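Visitor: Below is the structure I would like to discuss, written out as structure tokens.
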Amino acid sequence: MLKRLGRGRTDWGDHDSLSAFALSAVTGAGKTVIATAVIEAMLHGSADLGFPADPRAVFLWVTDDPALNRQTRNKMLEGSDLLAPARLQVLGNDFLEPDLRRGMVYFLNVQQLAKSAGFAQGGVNLREFSGWDVIGNTIRSEDRDLYVVLDEAHRGMKQVTDRPSIVRRIIGGQPGSNPPVPVVWGISATIDRFATAMREHEGSRTTYPPVAVDLDKVRASGIVKDKIDLDEPDEKGSFSTTLLRAAVDTALDFEQRWAAYAEVENEPLVLPVLVVQVADKPTEGALAELVSVIEQQWPGLGPRAIVNVFGEHDDLVVGTRIVRWVPPESIQDDQATRVVLAKQAISTGWDCPRAEVLYSERPASDATHIAQVIGRMVRSPLAHRVATDDALNAVSCFLPRFDRSTLARVIDELTRPGEPGAAAEVVINARLFERNPHLDADVFAFVEALPSWPRPDSLASPLRRAKTLAKLLTDASSGSALLPDASERLTKALNAKLDGLMAEHAEAVERKVRDIETAEIRQTSIGASTGEVLATKTRSIRTAARDIDRDTRRVIGSVREGVAKDFMKYRVDKAGVGEDVLDIRTRVAALLLVEGVVAEVEQTATKWVQVQFATFAVEISNTTGAARDGYLKVKEQTSEQEETSIELTVTLKAPTKEAKKDDAKDLPTFTKHLYADPDGRFPAALNDWETRVIETETARPSTVAWYRNPSRPAPSSLRIGYPTDADGWGSLQVDFIVVSHRDDGSLGASIVDPHGDHLADAKAKLRGLARYAERFGDRFVRIHAIGAGSDGVLRTLELRDPNVRDAVDAFEGGKVTVLFDSDLAAEYQ
């Protein structure tokens with residue numbers, strides 16, 4: 001995004017060219033945090049991101065909801081050490097200046113620019129300039145770069161009768177009023193409408209490719225919940241009261257589970273919220289009945305526990321209770337609030353991770369509105385996945401007005417790419433399964449020790465990763481620190497590496513020093529009368545000390561996490577009193593300019609991290625809650641592929657019914673799964689191939705257990721990163737892990753992965769599995785890719801066989817069926 005903003009600034013400054021781009025971020029991805037980091041870097045510069053400050057920058061953050069502006073401002077203040085409150089200003093009637101000042105972030109609710117709004121009027125009271133004048137004056141200013149941010153950019157893009165909407169007028173300008181905005185940055189989960197609106201300006205505004213937050217990263221991070229549980233009546237009839245009671249019971253169950261988790265894991269206590277969605281015009285009797293059922297089922301609710309967020313903004317008298325109106329953005333921090341009454345939607349940018357249970361009386365025709373509310377309930381209350389109780393990784397929804405067929409409408413809305421619920425898996429009538437009581441504990445430990453090989457993170461910084469790990473190792477908040485002097489040890493290791501590189505590259509450093517201390521001046525002599533070039537010559541002059549000081553500081557500051565600054569301090573201290581500091585700085589900068597030096601320092605940081613994880617493996621595995629989550633995230637911030645383990649949860653929440661449009665039948669159950677009910681059975685939605693594979697594997701006398709590997713990249717899944725044809729990285733989650741007894745009685749593991757060739761990435765995934773087999777094949781009994789030959793018979797490719805891997809690597813055909821038809825494949829049996 002910084003690159004796009006920088007390009008937009010250059011296009012406008014040098015060519016008067018307008019531009020636009022969008023950030024596509026599913027609800028829960030942390031778009032406000034991302035935007036805060038971008039704005040911080042624009043206003044203050046960022047060595048970590050390699051981006052200089054824009055001293056001319058001013059941001060105008062536009063929404064159609066005043067509550068969203070307040071919420072966004074508060075989030076920015078929480079997430080930034082550099083954006084002071086005075087720099088974040090909400091525009092309104094009290095704004096009297098002629099333009100927007102540099103270095104500021106202004107929040108504008110579009111209703112403030114409506115004709116009747118005071119801010120939109122100039123020459124009234126003390127206001128000389130209208131809001132439109134202010135925007136126009138800022139754009140015309142010669143010392144300002146205006147960046148307009150459209151939050152929830154899909155809104156406000158519709159044409160209003162025969163005139164443009166306020167948002168469209170801000171973007172495109174209006175003759176005689178405000179000129180077009182130079183740079184437009186749209187933020188939304190769904191950017192289609194924004195993209196369509198930008199296409200109307202083709203020829204006059206350049207639209208850069210959108211920036212999309214990787215959905216797999218959002219899922220893997222744990223900042224959104226893994227599952228959305230949908231519960232509906234299992235038979236015909238009216239079950240509103242029954243399901244409302246069940247919804248209350250679920251909220252109380254969440255409360256008990258969170259209390260137990262907080263006590264054991266030393267984490268903050270979460271008080272869950274129940275959202276009750278009612279009709280547009282609920283009668284007093286209907287509301288009274290709802291509140292009565294809730295109060296009967298939830299004893300001890302305080303007088304302030306039930307609130308409403310209705311559009312009327314009025315307190316309600318329901319029976320003997322006053323149901324106060326509250327701004328939606330206040331719910332998260334108001335611990336007294338436990339039940340929220342809502343209508344169609346709560347708020348455009350409503351954010352309440354405590355809201356974990358929904359009961360909706362909306363009819364099936366309101367599937368979109370229901371999905372919007374559910375989609376805003378997917379944030380994890382502690383911003384990380386719960387490793388022990390999988391029930392806390394889900395949102396529960398009760399829909400008494402939906403039957404099995406109409407339930408599919410909500411599922412379609414939630415799972416549509418880009419929609420708020422797309423980051424979570426939608427399941428029907430889920431149940432919580434414990435670890436299979438018929439399996440020994442060493443089976444789970446064995447699976448957890450299997451190698452997972454996640455894809456690398458292209459944005460990961462080895463230096464930041466090492467610094468973050470050092471902080472975790474020195475953290476004593478939950479007991480004694482694992483390594484109290486970790487930061488000092490890391491700095492010492494990096495300084496020692498740079499010292500060694502200074503000696504190793506002594507000649508190259510001397511050349512770079514000369515480059516820094518001298519400037520080559522080319523002189524061209526031209527005949528005054530003829531204009532002919534008479535002669536050219538080059539001479540060297542010494543660079544001014546001020547220029548050397550500035551340039552060397554810039555080079556040293558460009559190395560992330562202050563590593564070069566630490567080395568500079570170390571060299572100054574080592575030199576002692578009387579040494580020329582500028583000379584020392586010049587030599588340090590010269591070293592950093594030598595090709596490959598910074599990369600070698602990053603490799604040293606990576607090795608230091610790997611050593612610490614190996615040294616403290618047991619201690620780290622014993623951490624809990626936020627501390628454990630912190631270590632997991634550091635472990636996965638890799639710029640290159642690194643082996644990690646599988647983090648199995650203590651419990652697993654899984655659907656018990658099919659999710660189909662016509663009829664939701666009970667899922668078939670299987671034995672020997674890692675998670676099971678007391679009878680040792682586990683429900684699984686398997687296709688024909690998968691069913692045959694599991695029936696075959698569980699029938700083998702040697703089979704001990706199997707694991708339905710999660711289909712989404714998460715710590716609980718065996719992940720295999722693989723290069724894609726688009727020079728990026730994908731993540732393969734193999735279907736099944738099978739645990740068996742070897743002849744000597746020890747446990748062995750097999751990967752059994754039935755995949756069709758109908759997907760475009762089938763070949764890339766097969767190659768990825770082959771790469772994994774080459775690296776880790778000796779730790780498995782089998783690594784079988786299963787597919788159907790042209791005759792429809794299931795066949796296997798044993799990827800531990802180097803001949804098979806060579807054939808997979810060399811294969812350039814379209815469909816991998818050819819490989820399953822070859823002599824390299826054997827019939828699966």
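Chain labels follow the order of the structure tokens: the first chain is A, the next B, and so on; residue numbering restarts at 1 in every chain, and ligands are counted from 1 in their shown order.
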Please provide as a compact mmCIF listing (two decimals) with C-alpha atoms, in the first residue's frame all residues within 10 Å of A:Val594, with the sequence filter that same-chain residues fewer than 4 positions apart are discarded (counting only C-alpha atoms).

Guide:
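Dumped to out23.txt:
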```txt
# COMPACT_ATOMS: atom_id res chain seq x y z
CA LEU A 501 32.22 -9.33 8.14
CA MET A 502 34.14 -6.06 8.57
CA HIS A 505 35.30 -7.73 3.45
CA ALA A 508 35.38 -3.97 -0.31
CA VAL A 509 34.73 -1.79 2.76
CA ARG A 511 36.30 0.89 -1.66
CA LYS A 512 32.90 1.82 -0.27
CA ALA A 589 27.82 2.42 6.50
CA ALA A 590 30.41 1.23 4.00
CA VAL A 598 22.81 -7.48 5.40
```

Visitor: Among stretch 688-816 of chain A, which ones does DSSP assign to strand (DSSP E or B) (computed from the backbone)? Answer as a PyMOL selection string.

Guide: chain A and resi 703-708+719-723+729-733+736-741+747-754+782-788+794-798

Visitor: Would you pick out the contacts of A:Met568 at 10 Å or less, using only C-alpha atoms, so that residues sharing its chain but fewer than 6 positions from it are not included, and give the list as a ChimeraX atom specification?

Guide: /A:495,556,562,574,581,584-589

Visitor: Write out, as an mmCIF file, in the first residue's frame, the residues just selected, with N, CA, C and O atoms.

Guide:
```
data_model
loop_
_atom_site.group_PDB
_atom_site.id
_atom_site.type_symbol
_atom_site.label_atom_id
_atom_site.label_comp_id
_atom_site.auth_asym_id
_atom_site.auth_seq_id
_atom_site.Cartn_x
_atom_site.Cartn_y
_atom_site.Cartn_z
ATOM 1 N N ASN A 495 26.421 -8.253 16.540
ATOM 2 C CA ASN A 495 27.614 -7.401 16.494
ATOM 3 C C ASN A 495 28.853 -8.218 16.149
ATOM 4 O O ASN A 495 29.721 -7.776 15.384
ATOM 5 N N ILE A 556 22.648 3.561 7.811
ATOM 6 C CA ILE A 556 22.590 2.819 9.080
ATOM 7 C C ILE A 556 21.144 2.685 9.551
ATOM 8 O O ILE A 556 20.730 1.640 10.060
ATOM 9 N N GLY A 562 16.862 -1.500 14.140
ATOM 10 C CA GLY A 562 17.954 -0.780 14.778
ATOM 11 C C GLY A 562 19.226 -1.594 14.937
ATOM 12 O O GLY A 562 20.093 -1.242 15.758
ATOM 13 N N LYS A 574 33.799 0.603 21.544
ATOM 14 C CA LYS A 574 35.026 -0.187 21.409
ATOM 15 C C LYS A 574 36.219 0.698 21.058
ATOM 16 O O LYS A 574 37.344 0.454 21.519
ATOM 17 N N VAL A 581 34.026 9.941 15.448
ATOM 18 C CA VAL A 581 32.749 9.228 15.330
ATOM 19 C C VAL A 581 32.278 9.185 13.883
ATOM 20 O O VAL A 581 31.738 8.178 13.424
ATOM 21 N N ILE A 584 33.997 6.430 12.101
ATOM 22 C CA ILE A 584 33.452 5.121 12.477
ATOM 23 C C ILE A 584 32.115 4.898 11.766
ATOM 24 O O ILE A 584 31.855 3.811 11.228
ATOM 25 N N ARG A 585 31.283 5.936 11.740
ATOM 26 C CA ARG A 585 29.984 5.806 11.091
ATOM 27 C C ARG A 585 30.157 5.533 9.601
ATOM 28 O O ARG A 585 29.412 4.750 8.998
ATOM 29 N N THR A 586 31.132 6.170 8.988
ATOM 30 C CA THR A 586 31.385 5.973 7.561
ATOM 31 C C THR A 586 31.770 4.531 7.275
ATOM 32 O O THR A 586 31.304 3.922 6.306
ATOM 33 N N ARG A 587 32.618 3.948 8.130
ATOM 34 C CA ARG A 587 33.056 2.569 7.907
ATOM 35 C C ARG A 587 31.899 1.589 8.133
ATOM 36 O O ARG A 587 31.770 0.589 7.412
ATOM 37 N N VAL A 588 31.062 1.873 9.131
ATOM 38 C CA VAL A 588 29.897 1.002 9.364
ATOM 39 C C VAL A 588 28.957 1.062 8.159
ATOM 40 O O VAL A 588 28.479 0.039 7.674
ATOM 41 N N ALA A 589 28.693 2.275 7.663
ATOM 42 C CA ALA A 589 27.818 2.422 6.499
ATOM 43 C C ALA A 589 28.423 1.737 5.284
ATOM 44 O O ALA A 589 27.717 1.084 4.496
#
```

Visitor: Would you compute the distance between atom CA of A:Arg700 and atom CA of A:Glu647? Give it in Å to one decimal.

Guide: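 Pair atom CA of A:Arg700 / atom CA of A:Glu647 returns 26.7 Å.
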
Visitor: Compare A:Asp366, A:Glu510, A:Glu561, A:Asp744 by their minimum atom-to-atom distance to A:Asp583, counting only C-alpha atoms, and give me the closest one.

Guide: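 Using only C-alpha atoms, the shortest distance to A:Asp583 belongs to A:Glu510.
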
Visitor: Which of stretch 333-579 of chain A end up as helix (DSSP H, G or I) when DSSP is run on this backbone - answer as a short mmCIF file (atom, residue, chain, number, x, y, z; two decimals) with N, CA and C atoms, in the first residue's frame?

Guide:
```cif
data_model
loop_
_atom_site.label_atom_id
_atom_site.label_comp_id
_atom_site.auth_asym_id
_atom_site.auth_seq_id
_atom_site.Cartn_x
_atom_site.Cartn_y
_atom_site.Cartn_z
N ALA A 364 -36.32 -16.14 6.67
CA ALA A 364 -35.33 -16.63 5.71
C ALA A 364 -35.00 -15.61 4.64
N SER A 365 -35.96 -14.71 4.34
CA SER A 365 -35.72 -13.70 3.30
C SER A 365 -34.65 -12.70 3.72
N ASP A 366 -34.30 -12.69 5.01
CA ASP A 366 -33.30 -11.75 5.51
C ASP A 366 -31.93 -12.40 5.68
N ALA A 367 -31.63 -13.39 4.86
CA ALA A 367 -30.37 -14.11 4.99
C ALA A 367 -29.17 -13.17 4.93
N THR A 368 -29.24 -12.15 4.06
CA THR A 368 -28.12 -11.22 3.93
C THR A 368 -27.88 -10.46 5.22
N HIS A 369 -28.96 -9.95 5.83
CA HIS A 369 -28.80 -9.18 7.06
C HIS A 369 -28.28 -10.06 8.20
N ILE A 370 -28.76 -11.29 8.25
CA ILE A 370 -28.28 -12.21 9.28
C ILE A 370 -26.79 -12.49 9.08
N ALA A 371 -26.41 -12.74 7.84
CA ALA A 371 -25.01 -13.03 7.55
C ALA A 371 -24.11 -11.86 7.89
N GLN A 372 -24.59 -10.63 7.67
CA GLN A 372 -23.78 -9.45 7.99
C GLN A 372 -23.49 -9.36 9.48
N VAL A 373 -24.52 -9.66 10.30
CA VAL A 373 -24.32 -9.61 11.74
C VAL A 373 -23.38 -10.74 12.18
N ILE A 374 -23.61 -11.95 11.67
CA ILE A 374 -22.74 -13.08 12.03
C ILE A 374 -21.30 -12.76 11.63
N GLY A 375 -21.13 -12.18 10.44
CA GLY A 375 -19.79 -11.87 9.97
C GLY A 375 -19.05 -10.89 10.84
N ASP A 390 -11.60 -26.15 21.99
CA ASP A 390 -11.98 -25.72 20.64
C ASP A 390 -13.36 -25.08 20.59
N ALA A 391 -14.17 -25.27 21.63
CA ALA A 391 -15.48 -24.62 21.67
C ALA A 391 -15.34 -23.11 21.68
N LEU A 392 -14.21 -22.61 22.19
CA LEU A 392 -14.00 -21.16 22.26
C LEU A 392 -13.49 -20.58 20.95
N ASN A 393 -13.29 -21.45 19.96
CA ASN A 393 -12.86 -20.99 18.64
C ASN A 393 -14.03 -20.91 17.65
N LEU A 407 -31.63 -22.62 5.19
CA LEU A 407 -30.37 -22.36 5.91
C LEU A 407 -29.22 -22.17 4.92
N ALA A 408 -29.33 -22.79 3.75
CA ALA A 408 -28.28 -22.68 2.75
C ALA A 408 -28.07 -21.25 2.30
N ARG A 409 -29.12 -20.41 2.40
CA ARG A 409 -28.97 -19.01 1.98
C ARG A 409 -27.98 -18.29 2.88
N VAL A 410 -28.06 -18.53 4.18
CA VAL A 410 -27.11 -17.92 5.09
C VAL A 410 -25.70 -18.45 4.83
N ILE A 411 -25.60 -19.76 4.59
CA ILE A 411 -24.29 -20.35 4.32
C ILE A 411 -23.68 -19.73 3.06
N ASP A 412 -24.51 -19.57 2.01
CA ASP A 412 -24.02 -18.97 0.77
C ASP A 412 -23.52 -17.55 1.02
N GLU A 413 -24.26 -16.78 1.82
CA GLU A 413 -23.86 -15.41 2.12
C GLU A 413 -22.54 -15.38 2.89
N LEU A 414 -22.42 -16.27 3.87
CA LEU A 414 -21.24 -16.26 4.73
C LEU A 414 -19.98 -16.73 4.02
N THR A 415 -20.11 -17.69 3.13
CA THR A 415 -18.94 -18.30 2.51
C THR A 415 -18.55 -17.68 1.19
N ALA A 441 -2.09 -41.80 25.03
CA ALA A 441 -1.62 -40.41 24.94
C ALA A 441 -0.42 -40.28 24.00
N ASP A 442 0.40 -41.36 23.89
CA ASP A 442 1.59 -41.23 23.05
C ASP A 442 1.24 -41.12 21.57
N VAL A 443 0.02 -41.53 21.19
CA VAL A 443 -0.41 -41.37 19.80
C VAL A 443 -0.52 -39.89 19.45
N PHE A 444 -1.08 -39.08 20.37
CA PHE A 444 -1.23 -37.65 20.12
C PHE A 444 0.13 -36.96 20.11
N ALA A 445 1.00 -37.36 21.04
CA ALA A 445 2.34 -36.78 21.06
C ALA A 445 3.10 -37.11 19.78
N PHE A 446 2.88 -38.33 19.27
CA PHE A 446 3.54 -38.75 18.03
C PHE A 446 3.08 -37.89 16.86
N VAL A 447 1.77 -37.64 16.74
CA VAL A 447 1.25 -36.81 15.64
C VAL A 447 1.76 -35.38 15.76
N GLU A 448 1.80 -34.86 16.98
CA GLU A 448 2.26 -33.48 17.16
C GLU A 448 3.72 -33.30 16.78
N PRO A 462 13.72 -11.41 9.21
CA PRO A 462 14.47 -12.22 10.18
C PRO A 462 14.93 -11.42 11.39
N LEU A 463 15.25 -10.15 11.19
CA LEU A 463 15.71 -9.33 12.31
C LEU A 463 14.57 -9.02 13.27
N ARG A 464 13.40 -8.69 12.72
CA ARG A 464 12.25 -8.44 13.58
C ARG A 464 11.86 -9.71 14.32
N ARG A 465 11.93 -10.84 13.62
CA ARG A 465 11.58 -12.11 14.24
C ARG A 465 12.50 -12.39 15.43
N ALA A 466 13.79 -12.18 15.25
CA ALA A 466 14.75 -12.44 16.34
C ALA A 466 14.52 -11.50 17.51
N LYS A 467 14.27 -10.23 17.20
CA LYS A 467 14.03 -9.25 18.28
C LYS A 467 12.76 -9.60 19.05
N THR A 468 11.71 -10.02 18.33
CA THR A 468 10.46 -10.38 18.99
C THR A 468 10.65 -11.59 19.90
N LEU A 469 11.40 -12.59 19.41
CA LEU A 469 11.67 -13.77 20.24
C LEU A 469 12.47 -13.38 21.47
N ALA A 470 13.43 -12.49 21.32
CA ALA A 470 14.23 -12.05 22.48
C ALA A 470 13.34 -11.43 23.55
N LYS A 471 12.36 -10.63 23.12
CA LYS A 471 11.44 -10.02 24.08
C LYS A 471 10.62 -11.08 24.80
N LEU A 472 10.14 -12.09 24.06
CA LEU A 472 9.36 -13.16 24.68
C LEU A 472 10.20 -13.93 25.70
N LEU A 473 11.46 -14.19 25.35
CA LEU A 473 12.32 -14.96 26.25
C LEU A 473 12.65 -14.20 27.53
N THR A 474 12.58 -12.86 27.47
CA THR A 474 12.89 -12.05 28.65
C THR A 474 11.64 -11.70 29.45
N ALA A 486 18.29 -12.25 26.97
CA ALA A 486 18.18 -12.67 25.56
C ALA A 486 18.48 -11.53 24.61
N SER A 487 17.97 -10.34 24.89
CA SER A 487 18.19 -9.21 23.98
C SER A 487 19.67 -8.87 23.89
N GLU A 488 20.35 -8.88 25.05
CA GLU A 488 21.77 -8.59 25.05
C GLU A 488 22.55 -9.66 24.29
N ARG A 489 22.15 -10.91 24.47
CA ARG A 489 22.83 -12.01 23.76
C ARG A 489 22.64 -11.89 22.25
N LEU A 490 21.43 -11.55 21.83
CA LEU A 490 21.17 -11.40 20.40
C LEU A 490 22.00 -10.26 19.82
N THR A 491 21.99 -9.12 20.50
CA THR A 491 22.77 -7.98 20.02
C THR A 491 24.25 -8.33 19.94
N LYS A 492 24.74 -9.06 20.93
CA LYS A 492 26.16 -9.46 20.94
C LYS A 492 26.46 -10.38 19.76
N ALA A 493 25.53 -11.31 19.47
CA ALA A 493 25.74 -12.23 18.35
C ALA A 493 25.76 -11.49 17.01
N LEU A 494 24.84 -10.54 16.84
CA LEU A 494 24.78 -9.79 15.58
C LEU A 494 25.99 -8.87 15.44
N ASN A 495 26.42 -8.25 16.54
CA ASN A 495 27.61 -7.40 16.49
C ASN A 495 28.85 -8.22 16.15
N ALA A 496 28.95 -9.42 16.74
CA ALA A 496 30.09 -10.29 16.44
C ALA A 496 30.11 -10.66 14.97
N LYS A 497 28.94 -10.94 14.41
CA LYS A 497 28.87 -11.27 12.98
C LYS A 497 29.32 -10.09 12.14
N LEU A 498 28.83 -8.90 12.46
CA LEU A 498 29.22 -7.71 11.70
C LEU A 498 30.71 -7.42 11.86
N ASP A 499 31.26 -7.66 13.05
CA ASP A 499 32.71 -7.50 13.24
C ASP A 499 33.47 -8.42 12.30
N GLY A 500 33.02 -9.68 12.25
CA GLY A 500 33.68 -10.64 11.37
C GLY A 500 33.57 -10.26 9.91
N LEU A 501 32.41 -9.75 9.52
CA LEU A 501 32.22 -9.33 8.14
C LEU A 501 33.07 -8.12 7.80
N MET A 502 33.29 -7.25 8.79
CA MET A 502 34.14 -6.06 8.57
C MET A 502 35.55 -6.51 8.20
N ALA A 503 36.05 -7.56 8.88
CA ALA A 503 37.39 -8.07 8.57
C ALA A 503 37.39 -8.86 7.27
N GLU A 504 36.34 -9.65 7.06
CA GLU A 504 36.27 -10.49 5.86
C GLU A 504 36.19 -9.66 4.59
N ALA A 506 37.28 -6.50 4.13
CA ALA A 506 38.07 -5.30 4.38
C ALA A 506 38.31 -4.49 3.11
N GLU A 507 38.70 -5.16 2.01
CA GLU A 507 39.00 -4.44 0.77
C GLU A 507 37.73 -3.79 0.21
N ALA A 508 36.63 -4.53 0.21
CA ALA A 508 35.38 -3.97 -0.31
C ALA A 508 34.92 -2.79 0.55
N VAL A 509 35.11 -2.89 1.87
CA VAL A 509 34.73 -1.79 2.76
C VAL A 509 35.55 -0.54 2.43
N GLU A 510 36.86 -0.72 2.18
CA GLU A 510 37.70 0.44 1.85
C GLU A 510 37.22 1.11 0.57
N ARG A 511 36.81 0.31 -0.42
CA ARG A 511 36.30 0.89 -1.66
C ARG A 511 35.01 1.68 -1.40
N LYS A 512 34.15 1.13 -0.59
CA LYS A 512 32.90 1.82 -0.27
C LYS A 512 33.16 3.09 0.53
N VAL A 513 34.17 3.07 1.40
CA VAL A 513 34.52 4.28 2.15
C VAL A 513 34.95 5.38 1.20
N ARG A 514 35.80 5.00 0.21
CA ARG A 514 36.22 6.00 -0.79
C ARG A 514 35.02 6.53 -1.57
N ASP A 515 34.08 5.65 -1.90
CA ASP A 515 32.88 6.10 -2.61
C ASP A 515 32.09 7.12 -1.80
N ILE A 516 32.01 6.88 -0.50
CA ILE A 516 31.25 7.78 0.37
C ILE A 516 31.96 9.11 0.55
N GLU A 517 33.28 9.07 0.67
CA GLU A 517 34.04 10.28 1.02
C GLU A 517 34.41 11.12 -0.19
N ALA A 545 31.42 17.08 4.89
CA ALA A 545 31.16 16.31 6.12
C ALA A 545 29.67 16.23 6.42
N ARG A 546 28.95 17.31 6.14
CA ARG A 546 27.51 17.31 6.41
C ARG A 546 26.80 16.27 5.54
N ASP A 547 27.21 16.17 4.27
CA ASP A 547 26.60 15.19 3.37
C ASP A 547 26.95 13.76 3.80
N ILE A 548 28.21 13.57 4.22
CA ILE A 548 28.62 12.24 4.69
C ILE A 548 27.80 11.85 5.92
N ASP A 549 27.66 12.80 6.84
CA ASP A 549 26.92 12.54 8.06
C ASP A 549 25.47 12.15 7.74
N ARG A 550 24.84 12.92 6.84
CA ARG A 550 23.45 12.64 6.49
C ARG A 550 23.30 11.30 5.79
N ASP A 551 24.15 11.04 4.81
CA ASP A 551 24.02 9.82 4.01
C ASP A 551 24.34 8.57 4.82
N THR A 552 25.36 8.65 5.67
CA THR A 552 25.71 7.46 6.46
C THR A 552 24.64 7.17 7.51
N ARG A 553 24.05 8.20 8.08
CA ARG A 553 22.95 7.98 9.03
C ARG A 553 21.76 7.30 8.32
N ARG A 554 21.52 7.72 7.08
CA ARG A 554 20.42 7.11 6.34
C ARG A 554 20.69 5.63 6.09
N VAL A 555 21.92 5.27 5.69
CA VAL A 555 22.26 3.87 5.43
C VAL A 555 22.12 3.05 6.71
N ILE A 556 22.65 3.56 7.81
CA ILE A 556 22.59 2.82 9.08
C ILE A 556 21.14 2.68 9.55
N GLY A 557 20.36 3.73 9.36
CA GLY A 557 18.96 3.68 9.78
C GLY A 557 18.10 2.79 8.92
N ARG A 560 16.77 -2.85 9.45
CA ARG A 560 15.61 -3.01 10.32
C ARG A 560 15.97 -3.29 11.77
N GLU A 561 15.01 -2.90 12.62
CA GLU A 561 15.08 -3.17 14.06
C GLU A 561 16.28 -2.53 14.74
N GLY A 562 16.86 -1.50 14.14
CA GLY A 562 17.95 -0.78 14.78
C GLY A 562 19.23 -1.59 14.94
N VAL A 563 19.38 -2.68 14.17
CA VAL A 563 20.54 -3.55 14.31
C VAL A 563 21.82 -2.82 13.97
N ALA A 564 21.81 -2.03 12.91
CA ALA A 564 23.02 -1.29 12.52
C ALA A 564 23.33 -0.18 13.52
N LYS A 565 22.30 0.42 14.10
CA LYS A 565 22.52 1.44 15.13
C LYS A 565 23.19 0.83 16.36
N ASP A 566 22.76 -0.39 16.71
CA ASP A 566 23.41 -1.08 17.83
C ASP A 566 24.87 -1.35 17.53
N PHE A 567 25.15 -1.75 16.27
CA PHE A 567 26.53 -2.03 15.89
C PHE A 567 27.36 -0.75 15.89
N MET A 568 26.76 0.33 15.45
CA MET A 568 27.46 1.62 15.46
C MET A 568 27.84 2.01 16.90
N LYS A 569 26.91 1.87 17.82
CA LYS A 569 27.20 2.19 19.23
C LYS A 569 28.30 1.29 19.76
N TYR A 570 28.24 0.01 19.41
CA TYR A 570 29.26 -0.94 19.85
C TYR A 570 30.65 -0.54 19.33
N ARG A 571 30.73 -0.13 18.06
CA ARG A 571 32.04 0.26 17.49
C ARG A 571 32.57 1.54 18.12
N VAL A 572 31.67 2.47 18.42
CA VAL A 572 32.10 3.71 19.09
C VAL A 572 32.62 3.41 20.48
N ASP A 573 31.87 2.57 21.23
CA ASP A 573 32.32 2.21 22.58
C ASP A 573 33.64 1.46 22.54
N LYS A 574 33.80 0.60 21.54
CA LYS A 574 35.03 -0.19 21.41
C LYS A 574 36.22 0.70 21.06
N ALA A 575 35.98 1.74 20.26
CA ALA A 575 37.08 2.62 19.83
C ALA A 575 37.61 3.46 20.98
#
```

Visitor: With distances taken over only C-alpha atoms, which residue among A:Glu152, A:Glu200, A:Glu595, A:Asp821 lies nearest A:Thr32?

Guide: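 Under the stated criterion, the closest residue is A:Glu152.
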
Visitor: Tell me which protein, DNA and RNA residues are within 9 Å of A:Val149, counting only C-alpha atoms, leaving out same-chain ones fewer than 5 positions away, and put them as a count of residues only.

Guide: 10

Visitor: Just the residues within 8 Å of stretch 791-794 of chain A, please, counting only C-alpha atoms, with nothing from its chain fewer than 4 positions along; format it as a list in words.

Guide: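 Here the answer would be Ile786, Gly787, Glu827 and Tyr828 of chain A.
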
Visitor: Fewer than 5 positions away in the same chain doesn't count, so skip those; otherwise give me all residues within 8 Å of A:Asp389, counting only C-alpha atoms, as a PyMOL selection string.

Guide: chain A and resi 257+261+649-652

Visitor: Considering only C-alpha atoms, can you say which of A:Ala67, A:Val213, A:Leu439, A:Ala807 comes closest to A:Tyr675?

Guide: A:Leu439

Visitor: Have a look at atom CA of A:Ile228 and atom CA of A:Val426 and let me know their distance in Å, one decimal.

Guide: 4.7 Å

Visitor: For each of A:Glu434, A:Asp809, A:Asp65, A:Asp48, take the minimum atom-to-atom distance to A:Phe682, counting only C-alpha atoms, then give the residue where this is smallest.

Guide: A:Glu434

Visitor: From the set A:Thr615, A:Ser717, A:Gln71, A:Thr36, which residue has the shortest atom-to-atom contact distance to A:Ile331, counting only C-alpha atoms?

Guide: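 Residue with the minimum atom-to-atom distance to A:Ile331: A:Gln71.
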
Visitor: Using only C-alpha atoms for the distances, tell me which of A:Ser330, A:Thr623, A:Thr196, A:Thr406 is nearest to A:Cys352.

Guide: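 Of the candidates, the smallest distance to A:Cys352 is held by A:Ser330.
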
Visitor: For the contact check between stretch 210-260 of chain A and stretch 299-305 of chain A, emit one row per residue of stretch 210-260 of chain A within 12 Å, containing the shortest atom pair and the distance in Å rounded to one decimal, counting only C-alpha atoms, chain then rising number order, as a Markdown table.

Guide:
```
| residue | atom | partner | partner_atom | distance |
| --- | --- | --- | --- | --- |
| A:Val248 | CA | A:Pro299 | CA | 10.4 |
| A:Asp249 | CA | A:Pro299 | CA | 11.0 |
| A:Leu252 | CA | A:Pro299 | CA | 10.2 |
```

Visitor: Report as a ChimeraX atom specification all protein, DNA and RNA residues lying within 12 Å of stretch 164-178 of chain A, evaluated on only C-alpha atoms, omitting residues in the same chain fewer than 5 positions from it.

Guide: /A:18-20,60-64,108-115,120,122,129-140,146-159,183-186,193-194,196-202,204-205
